[in-house]
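Everything below concerns the one structure shown next.
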Amino acid sequence: MGEEARALDMEETREENTRRPNHVVHDLMVDLYPLSSYYFSSRDALRVKDEIISDRVIRLKSNYAAHGLRTCVEAVLLVELFKHPHVLLLQYRNSIFKLPGGRLRPRESDIEGLKRKLASKLSVNENAVVPGLEVGECIGMWWRPNFETLMFPFLPPNVKHPKECTKLFLVRLLVHQQFVVPKNFKLLAVPLCQLHENEKTYGPIISQIPKLLSKFSFNMMEI
């Protein structure tokens, strides 16, 4: 009975995929190009705010008083290496890992803000937009209910005025792009299998990326 039920479930899944509109199927297929097809160079160091937690809380409170909810946008950039998806992460001081992105300006849209932040982190400057980037769907959101350090992948029902929201966007890459990285950062390609639930190393958001990508299929492109 178990094998029959499994076969029936697989058949229903195939029928559902057949009925699904072509554009939906396409959106769930991601082309991944080899890491070797990209070019990397460096530029002047990027100014980074070194803060203790109490200073960061003060800054968050000041920002919230002036502008309300703080919104950050971050990019999930994928490449292929050893026939396995890898995520491009910025590494700072050998122990801090970040997704490329940052805070939106007041009244700035998610897409425009993410393009600007990607330019500031991966191009000559924020006015030189990285060509060929296709900002896709938002695959996850995290909320900071208060000014504390913890963020949650949901907004608690008793919280009416959250202090910060971080959105993750899948950004599709074209082949043969150049990334210009600040000298005080490293741009690393980290495999999904290494990120999976590795919160100790990569934090609560990055370590959940493999789960967020589980609905996508990956097409390993050969150059």
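If you're wondering about the labels, chains in the structure tokens are A, B, ... by order shown, residues count from 1 in each chain, ligands from 1 in order shown.
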
Surrounding residues of region 163-177 of chain A excluding itself and chain neighbours under 3 positions, 8 Å, only C-alpha atoms, as a PyMOL selection string: chain A and resi 30-33+37-39+60+64+68-78+131-147

Can I get the selection written as a compact mmCIF listing (two decimals), in the first residue's frame, with N, CA, C and O atoms?
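Output file again.txt follows:
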# COMPACT_ATOMS: atom_id res chain seq x y z
N VAL A 30 15.92 27.94 -12.07
CA VAL A 30 16.98 28.93 -11.96
C VAL A 30 18.22 28.42 -12.68
O VAL A 30 18.72 27.32 -12.37
N ASP A 31 18.71 29.18 -13.66
CA ASP A 31 19.94 28.83 -14.36
C ASP A 31 21.14 29.25 -13.50
O ASP A 31 21.25 30.41 -13.10
N LEU A 32 22.03 28.30 -13.25
CA LEU A 32 23.24 28.59 -12.48
C LEU A 32 24.45 28.43 -13.38
O LEU A 32 24.64 27.40 -14.03
N TYR A 33 25.29 29.47 -13.41
CA TYR A 33 26.50 29.45 -14.22
C TYR A 33 27.71 29.15 -13.35
O TYR A 33 27.73 29.48 -12.15
N SER A 37 33.03 31.46 -14.51
CA SER A 37 32.59 32.37 -15.58
C SER A 37 32.46 33.81 -15.11
O SER A 37 32.13 34.69 -15.91
N TYR A 38 32.73 34.06 -13.82
CA TYR A 38 32.63 35.41 -13.28
C TYR A 38 34.01 35.98 -12.99
O TYR A 38 34.96 35.23 -12.73
N TYR A 39 34.09 37.31 -13.02
CA TYR A 39 35.36 38.00 -12.81
C TYR A 39 35.29 38.80 -11.52
O TYR A 39 34.29 39.44 -11.22
N LEU A 60 19.23 52.36 16.25
CA LEU A 60 17.93 51.87 15.78
C LEU A 60 16.79 52.72 16.32
O LEU A 60 15.83 53.04 15.60
N TYR A 64 14.26 54.88 14.07
CA TYR A 64 12.83 54.61 14.14
C TYR A 64 12.05 55.88 14.48
O TYR A 64 10.98 56.13 13.93
N GLY A 68 10.46 55.75 11.21
CA GLY A 68 9.57 54.61 11.40
C GLY A 68 10.28 53.30 11.09
O GLY A 68 11.49 53.17 11.30
N LEU A 69 9.52 52.34 10.60
CA LEU A 69 10.04 51.00 10.33
C LEU A 69 11.27 51.04 9.44
O LEU A 69 11.27 51.64 8.37
N ARG A 70 12.32 50.39 9.88
CA ARG A 70 13.55 50.27 9.10
C ARG A 70 13.44 49.03 8.22
O ARG A 70 13.14 47.93 8.71
N THR A 71 13.66 49.19 6.92
CA THR A 71 13.58 48.07 5.98
C THR A 71 14.93 47.83 5.33
O THR A 71 15.55 48.75 4.82
N CYS A 72 15.38 46.57 5.38
CA CYS A 72 16.62 46.17 4.74
C CYS A 72 16.31 45.15 3.65
O CYS A 72 15.40 44.33 3.79
N VAL A 73 17.05 45.22 2.57
CA VAL A 73 16.88 44.28 1.46
C VAL A 73 18.22 43.61 1.18
O VAL A 73 19.27 44.25 1.19
N GLU A 74 18.19 42.30 0.97
CA GLU A 74 19.41 41.54 0.76
C GLU A 74 19.23 40.59 -0.41
O GLU A 74 18.11 40.13 -0.69
N ALA A 75 20.33 40.31 -1.11
CA ALA A 75 20.28 39.51 -2.33
C ALA A 75 20.85 38.12 -2.11
O ALA A 75 21.90 37.95 -1.49
N VAL A 76 20.13 37.12 -2.63
CA VAL A 76 20.64 35.76 -2.68
C VAL A 76 21.14 35.53 -4.10
O VAL A 76 20.35 35.44 -5.06
N LEU A 77 22.47 35.49 -4.25
CA LEU A 77 23.12 35.31 -5.55
C LEU A 77 23.68 33.90 -5.61
O LEU A 77 24.44 33.48 -4.72
N LEU A 78 23.34 33.17 -6.66
CA LEU A 78 23.72 31.76 -6.76
C LEU A 78 24.65 31.50 -7.95
O LEU A 78 24.46 32.07 -9.03
N PRO A 131 25.60 45.42 -13.98
CA PRO A 131 24.76 45.07 -15.14
C PRO A 131 24.31 43.62 -15.09
O PRO A 131 24.97 42.75 -14.52
N GLY A 132 23.15 43.38 -15.68
CA GLY A 132 22.70 42.01 -15.87
C GLY A 132 22.03 41.36 -14.68
O GLY A 132 21.70 40.17 -14.74
N LEU A 133 21.81 42.09 -13.59
CA LEU A 133 21.17 41.49 -12.43
C LEU A 133 19.65 41.55 -12.59
O LEU A 133 19.09 42.61 -12.87
N GLU A 134 18.99 40.43 -12.40
CA GLU A 134 17.53 40.36 -12.47
C GLU A 134 16.99 40.10 -11.07
O GLU A 134 17.09 38.98 -10.56
N VAL A 135 16.45 41.13 -10.45
CA VAL A 135 15.90 40.98 -9.11
C VAL A 135 14.56 40.27 -9.22
O VAL A 135 13.62 40.75 -9.83
N GLY A 136 14.50 39.08 -8.62
CA GLY A 136 13.30 38.27 -8.69
C GLY A 136 12.41 38.43 -7.47
O GLY A 136 12.32 39.50 -6.88
N GLU A 137 11.81 37.32 -7.07
CA GLU A 137 10.83 37.38 -5.99
C GLU A 137 11.45 37.46 -4.61
O GLU A 137 12.61 37.09 -4.41
N CYS A 138 10.67 37.97 -3.69
CA CYS A 138 11.06 37.96 -2.28
C CYS A 138 10.83 36.55 -1.76
O CYS A 138 9.71 36.04 -1.81
N ILE A 139 11.88 35.90 -1.25
CA ILE A 139 11.77 34.51 -0.81
C ILE A 139 11.69 34.37 0.71
O ILE A 139 11.50 33.26 1.22
N GLY A 140 11.83 35.47 1.43
CA GLY A 140 11.74 35.39 2.88
C GLY A 140 11.76 36.76 3.52
O GLY A 140 12.31 37.72 2.96
N MET A 141 11.12 36.87 4.70
CA MET A 141 11.09 38.12 5.46
C MET A 141 11.32 37.81 6.93
O MET A 141 10.78 36.85 7.46
N TRP A 142 12.14 38.65 7.57
CA TRP A 142 12.39 38.54 9.00
C TRP A 142 12.03 39.85 9.68
O TRP A 142 12.24 40.93 9.10
N TRP A 143 11.51 39.75 10.89
CA TRP A 143 11.02 40.91 11.61
C TRP A 143 11.74 41.07 12.95
O TRP A 143 12.02 40.09 13.63
N ARG A 144 12.00 42.33 13.30
CA ARG A 144 12.53 42.65 14.63
C ARG A 144 11.40 43.35 15.40
O ARG A 144 11.11 44.53 15.17
N PRO A 145 10.75 42.63 16.32
CA PRO A 145 9.60 43.22 17.03
C PRO A 145 9.97 44.41 17.89
O PRO A 145 9.21 45.37 17.99
N ASN A 146 11.15 44.34 18.51
CA ASN A 146 11.61 45.42 19.40
C ASN A 146 13.01 45.82 18.99
O ASN A 146 13.51 45.42 17.93
N PHE A 147 13.68 46.56 19.83
CA PHE A 147 15.03 47.01 19.50
C PHE A 147 16.09 46.01 19.93
O PHE A 147 17.28 46.31 19.87

All strand (DSSP E) positions in chain A, as an NGL selection string: :A and (29-32 or 39-43 or 70-81 or 84-92 or 96-98 or 101-103 or 134-144 or 164-172 or 178-182 or 185-191 or 217-220)

Members of region 17-214 of chain A assigned alpha helix (DSSP H) by DSSP, as an MDAnalysis selection string: chainID A and resid 17:19 22:27 53:67 110:122 192:195 199:206 209:212

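Across A:Asn127, A:Ser214, A:Gln178, A:Gln91, the tightest approach to Thr201 (chain A) is made by A:Gln91 when counting only C-alpha atoms.
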
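Distance check against Leu188 (chain A) using only C-alpha atoms: of A:Arg56, A:Lys61, A:Lys49, A:Lys98, the minimum falls on A:Lys98.
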
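Using only C-alpha atoms, the smallest distance between any of A:Glu222, A:Glu199, A:Glu108, A:Asp44 and Val181 (chain A) comes from A:Asp44.
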
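For region 94-96 of chain A, the list of residues within 12 Å, based on only C-alpha atoms and with local chain neighbours fewer than 4 positions off taken out, reads Leu89, Leu90, Asn184, Phe185, Lys186, Leu187, Leu188, Lys200, Thr201, Tyr202, Gly203 and Ile206 of chain A.
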
Mind dumping the selected residues with N, CA, C and O atoms as a compact mmCIF listing (two decimals), in the first residue's frame?
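Saved result, again-v1.txt, follows:
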# COMPACT_ATOMS: atom_id res chain seq x y z
N LEU A 89 28.53 35.12 -0.55
CA LEU A 89 28.45 35.82 0.73
C LEU A 89 29.63 36.76 0.89
O LEU A 89 30.75 36.45 0.46
N LEU A 90 29.38 37.90 1.51
CA LEU A 90 30.46 38.81 1.88
C LEU A 90 30.96 38.43 3.27
O LEU A 90 30.16 38.25 4.19
N ASN A 184 38.25 45.43 2.25
CA ASN A 184 38.04 44.90 3.60
C ASN A 184 36.98 43.81 3.66
O ASN A 184 36.57 43.39 4.75
N PHE A 185 36.52 43.35 2.50
CA PHE A 185 35.58 42.24 2.42
C PHE A 185 36.13 41.16 1.50
O PHE A 185 36.95 41.43 0.62
N LYS A 186 35.68 39.94 1.71
CA LYS A 186 35.92 38.84 0.78
C LYS A 186 34.56 38.38 0.25
O LYS A 186 33.58 38.36 0.98
N LEU A 187 34.53 38.02 -1.02
CA LEU A 187 33.31 37.47 -1.61
C LEU A 187 33.52 35.98 -1.78
O LEU A 187 34.36 35.53 -2.56
N LEU A 188 32.78 35.18 -1.00
CA LEU A 188 32.95 33.75 -0.97
C LEU A 188 31.76 33.03 -1.57
O LEU A 188 30.61 33.50 -1.45
N LYS A 200 25.24 28.72 13.93
CA LYS A 200 26.39 29.14 14.73
C LYS A 200 27.39 29.92 13.90
O LYS A 200 27.98 30.89 14.38
N THR A 201 27.58 29.51 12.67
CA THR A 201 28.56 30.17 11.79
C THR A 201 27.95 31.30 10.98
O THR A 201 28.54 32.38 10.86
N TYR A 202 26.74 31.08 10.43
CA TYR A 202 26.19 32.01 9.45
C TYR A 202 25.00 32.82 9.95
O TYR A 202 24.51 33.69 9.23
N GLY A 203 24.53 32.56 11.16
CA GLY A 203 23.42 33.33 11.70
C GLY A 203 22.08 32.73 11.33
O GLY A 203 21.98 31.84 10.48
N ILE A 206 20.84 33.50 7.15
CA ILE A 206 21.59 32.84 6.08
C ILE A 206 21.48 31.33 6.18
O ILE A 206 21.40 30.62 5.16

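Minimum distance to Lys83 (chain A) across A:Met151, A:Val57, A:Leu35, A:Leu213 (counting only C-alpha atoms) occurs at A:Leu35.
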
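Residue nearest Leu192 (chain A), chosen from A:Asn125, A:Ile52, A:Val180, A:Leu81 and counting only C-alpha atoms: A:Leu81.
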
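Across the structure, CA of Phe218 (chain A) and CA of Pro153 (chain A) are spaced 24.6 Å apart.
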
Atom pair CA of Leu46 (chain A) / CA of Pro210 (chain A): separation (Å): 28.7 Å

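Distance-wise, CA of Gln208 (chain A) and CA of Asp27 (chain A) end up 20.6 Å apart.
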